[in-house]
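*Asks:* Let me give you the structure first, and then I'll get to my questions.
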Amino acid sequence: MWSSLGFIIGTTLMYSTPLIYTALGGVISENSGVVNIGLEGMMTIGAFVGAAVGFYTGNPWIAFLAAGLASGFLALFHAIAAVSFGADQVVSGIAINFLGPGIALFVSRLFFEGATNTKPIPLENKMPRPLNGLFPQNSFFDMILNQYATVFMAFALVAIVWYLLYKTKLGLRIRAVGEHPRAADTLGVSVYKIRYLCVVLSGVFAGFGGASLSLAVVSNFRPTLISGHGFIALAAMIFGKWKPQGAMWACLLFGVSNGLVVYLGRPGAPFQISQQLLSMIPYVLTLIILTGFVGRASAPAASGTPYEKDER
Amino acid sequence: MLKRVLLLLLSLMLITTLLVGCGGGTTEPETPEETPEATQPEAEETAAIKMAMVTDVGGVNDQSFNQSAWEGHQKARNELGVEVNYVESNQDADYLPNLEQLYDAGYDLIWGIGFMMGDVILEAAEQNPDQKYAIIDNAYGDTPSNLVGVLFKAEEASFLVGYIAGKMTETGKVGFVGGMDFPVIHGFHYGFMAGVKHANPDVEVLVQYAGDFNDAAIGKAIAIQMYQSGADIVFHAAGGTGDGVIEAAREQGKYAIGVDRDQNDLAPDNVITSAMKRVDNAIFNIAEELKAGNFPGGGTVVYGLEDGGVGIAPTSDKHVPADILEETRAIEQQIIRGEIFVPDNEADYNANY
């Protein structure tokens, strides 16, 4: 009983972590009024750079930061297109989604003898597990708490983003720019600067999300490693009403439903459910909660509309 | 609100396109790499046979069957003097143009690598009856005489690794993680189970399907659960999901068995063997027959242990004790002679084990 519960919670945490980082990226970008559909592409770059730098430097922290930086750099293109040139944000995001995997594979071939998969990082050079060895292996607490550092940092980041958005002057400005950029502009807030900052930050977070997959969940990058995670994170952000804590709960919900799928489908389960039905659980659960418990959500008013100074 | 809905729809649409796009959205030029050591044989006077392949979206260096296929081509170049080339596909829509490009360039035999190309290559073969085609991992009910399908008896290699697992397990439990629940994977599944039971009927096989070939986190969760419930060796046939299985073996200090290629490099201390599909050998064999004028068109060729089409990884001797390897070789001979029946589906398995 306890070990089952521990397994489900542990799996939930492992599964949710990359989504939480990326969803936070979506939260911060959309709160400043820029739709970021390119999270998937940014995650892919992050996952690749994390795995590649981790392999060559042997230091997971440098790798993790490099992943964020590379991804933030990619996000800069989204910012230039969407903020400076007022391009359609969805189109720009789609471009990022093609560019991200393309660059990742191209660079991978340069650095790994033409291979599109990076070489695996040795176990001791992966993200550390701060509580490893504290509890007996596979005991209840071990399964829940013996997680990679990325897991704990994800939850810390939720708190940080929440504090930033709702308790600081900068956060107020970000939200003002997202709700009514003209009003914010009139009061002397630089809409462009704020939006640039937020879009780049969203890239950094998405890069962390990708790297938390390639440096902790597994230890190498392959072209299919990020397959839909960015879009799930995007959905989680909307599900979570554009709030950091809401997005976190949505990601955890997705994680727990996947944990349940694995648990219920285990060999020797008292009742055998067909695997096709099990695979539906995450989506059915999401639908039920979305229709029954979440209530009406509204996006930041200016989200998706480019801001131009001279517009009347 | 409407915009939100539109956005969601769009993102859904993107997921589907990206599942394809992620596979190989590369911007690589379509030029074959020139490996310096693999030059054209100098003593080739006869008109050289020309052979080329179209990769699927994985690209030619996917460390899996596309790469293996290209290695087969290179072997044919070095040993048979066949002129070889390849074209990479970045998305499904590239298959047809790539096939046409090679058709125009005038090759004796054009390969399609992977069952994803099945329909396209059949269409091409019907349109160009004078051009020879071959495809890896696909079979047709009614094959045109200028086309050959190449299949692999994955169940035979799975039987061998199953035998190794059954002999090496200390806990009496081993695991199998499948990608998706369909016939191709059943070959791995029931071949493996039969191998385990052949080694030791008392060993329990835990089986779970991930429902996805690309979700490493799910693979890891399934494998962790298997290790926690007492399994000490887990075999996967699950593509990218299998990366998670091997990672779980590393973290838990248990054993895993790789698939398709020798996956020992992913975890040198934990991957004890791999059930390999030797696409390179198959391509080389067909090239040989083509050169001899015996192109097996109009049907399906199935490669198994007998002709080196499948087998266990060469690195197996690192972890598998010599006496077990010895027994495995004996089993291999028995399978080749037909003394051991290897099932590839549930009905056959239940009837025999």
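We label chains A, B, ... in the order they appear in the structure tokens, count residues from 1 in each chain, and number ligands from 1 in the order shown.
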Using only C-alpha atoms, which residues sit within 8 Å of stretch 118-135 of chain A once same-chain residues fewer than 5 positions away are excluded, as a VMD selection string?

*Replies:* (chain A and resid 48 51 to 52 54 to 55 58 to 61 108 112 141 to 142 145 to 150 215 to 216 219 to 222) or (chain B and resid 250 to 251 265 to 267)

*Asks:* For the residues selected in the previous step, produce a file with C-alpha atoms as an mmCIF file, in the first residue's frame.

*Replies:*
data_model
loop_
_atom_site.group_PDB
_atom_site.id
_atom_site.type_symbol
_atom_site.label_atom_id
_atom_site.label_comp_id
_atom_site.auth_asym_id
_atom_site.auth_seq_id
_atom_site.Cartn_x
_atom_site.Cartn_y
_atom_site.Cartn_z
ATOM 1 C CA PHE A 48 19.954 19.123 -26.443
ATOM 2 C CA ALA A 51 22.807 16.852 -22.659
ATOM 3 C CA ALA A 52 25.651 18.032 -24.892
ATOM 4 C CA GLY A 54 26.714 17.937 -19.638
ATOM 5 C CA PHE A 55 28.558 15.341 -21.654
ATOM 6 C CA GLY A 58 30.867 16.780 -16.849
ATOM 7 C CA ASN A 59 29.176 19.452 -14.759
ATOM 8 C CA PRO A 60 25.370 19.285 -14.604
ATOM 9 C CA TRP A 61 24.995 22.806 -13.229
ATOM 10 C CA SER A 108 24.291 17.469 -32.674
ATOM 11 C CA PHE A 112 28.698 13.862 -32.041
ATOM 12 C CA PHE A 141 10.211 8.180 1.620
ATOM 13 C CA ASP A 142 12.999 7.163 -0.722
ATOM 14 C CA LEU A 145 11.938 12.336 -1.779
ATOM 15 C CA ASN A 146 14.951 10.807 -3.487
ATOM 16 C CA GLN A 147 14.497 13.005 -6.542
ATOM 17 C CA TYR A 148 16.897 14.919 -8.700
ATOM 18 C CA ALA A 149 17.700 18.501 -7.727
ATOM 19 C CA THR A 150 15.728 19.695 -10.749
ATOM 20 C CA LEU A 215 19.956 15.641 -17.416
ATOM 21 C CA ALA A 216 17.752 13.917 -14.866
ATOM 22 C CA SER A 219 20.912 11.210 -19.576
ATOM 23 C CA ASN A 220 21.059 11.704 -23.312
ATOM 24 C CA PHE A 221 19.240 13.611 -26.029
ATOM 25 C CA ARG A 222 17.516 12.000 -28.943
ATOM 26 C CA ARG B 250 21.493 2.450 -14.257
ATOM 27 C CA GLU B 251 19.928 4.203 -11.281
ATOM 28 C CA ASP B 265 27.081 2.186 -25.006
ATOM 29 C CA LEU B 266 24.052 3.727 -23.272
ATOM 30 C CA ALA B 267 24.911 2.013 -19.994
#

*Asks:* Please list as a ChimeraX atom specification every residue within 10 Å of stretch 60-70 of chain B, counting only C-alpha atoms and excluding residues in the same chain fewer than 3 positions away.

*Replies:* /A:109,113-117,222-223 /B:23-24,32-33,52-57,73-76,84-89,111-114,136,239,259-263,276-284

*Asks:* Report as CSV the residues of stretch 202-307 of chain A within 12 Å of stretch 228-238 of chain B, each with its shortest atom pair and distance in Å (one decimal), using only C-alpha atoms, ordered by chain and increasing residue number.

*Replies:*
residue,atom,partner,partner_atom,distance
A:Tyr263,CA,B:Ser229,CA,11.8
A:Arg266,CA,B:Ser229,CA,10.0
A:Pro267,CA,B:Ser229,CA,9.7
A:Gly268,CA,B:Ser229,CA,10.1
A:Ala269,CA,B:Ser229,CA,11.8

*Asks:* Within 7 Å of B:Gly240, counting only C-alpha atoms, which residues qualify if same-chain residues fewer than 6 places away don't, as a ChimeraX atom specification?

*Replies:* /A:224-225 /B:213-216

*Asks:* Give me, as a compact mmCIF listing (two decimals) with C-alpha atoms, in the first residue's frame, all polymer residues having an atom no more than 6 Å from stretch 5-20 of chain A, counting only C-alpha atoms and skipping those fewer than 2 positions away in the same chain.

*Replies:*
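See around33.txt below for the written result:
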# COMPACT_ATOMS: atom_id res chain seq x y z
CA TRP A 2 2.58 2.54 1.12
CA SER A 3 5.01 1.52 -1.54
CA THR A 22 8.01 25.02 -19.21
CA ALA A 23 4.54 26.00 -18.05
CA PHE A 140 8.27 4.98 0.95
CA MET A 143 10.55 6.85 -3.59
CA ILE A 144 9.01 10.24 -2.91
CA VAL A 151 12.52 18.50 -9.08
CA GLY A 209 12.40 22.13 -18.61
CA SER A 212 15.49 18.53 -16.64
CA ALA A 233 2.88 22.62 -20.69
CA MET A 248 1.89 23.81 -11.26
CA CYS A 251 1.24 19.79 -14.42
CA LEU A 252 0.98 17.71 -11.26
CA GLY A 255 1.91 13.73 -13.83
CA VAL A 256 -0.32 11.89 -11.38
CA GLY A 259 1.67 7.67 -12.68

*Asks:* Check the smallest atom-to-atom distance from each of B:Gln252, B:Asn128, B:Asn294, B:Asn352 to chain A using only C-alpha atoms, then report the winner.

*Replies:* B:Gln252

*Asks:* Can you tell me how far atom CA of B:Asn138 sits from atom CA of B:Val184, in Å to one decimal?

*Replies:*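 Atom-to-atom, atom CA of B:Asn138 to atom CA of B:Val184, that is 10.6 Å.
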
*Asks:* Would you please give, as a ChimeraX atom specification, all residues of stretch 46-294 of chain B that DSSP assigns to strand (DSSP E) based on the backbone?

*Replies:* /B:50-54,83-87,109-112,132-136,147-152,173-178,204-209,233-237,255-260,271-277

*Asks:* Hey, which of B:Gly309, B:Gly211, B:Gly293, B:Gly304 ends up closest to chain A? Count only C-alpha atoms.

*Replies:*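 Under the stated criterion, the closest residue is B:Gly211.
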
*Asks:* So which one's closest to chain B, A:Leu105, A:Ile232, A:Leu170, A:Leu285? Using only C-alpha atoms, please.

*Replies:* A:Leu105
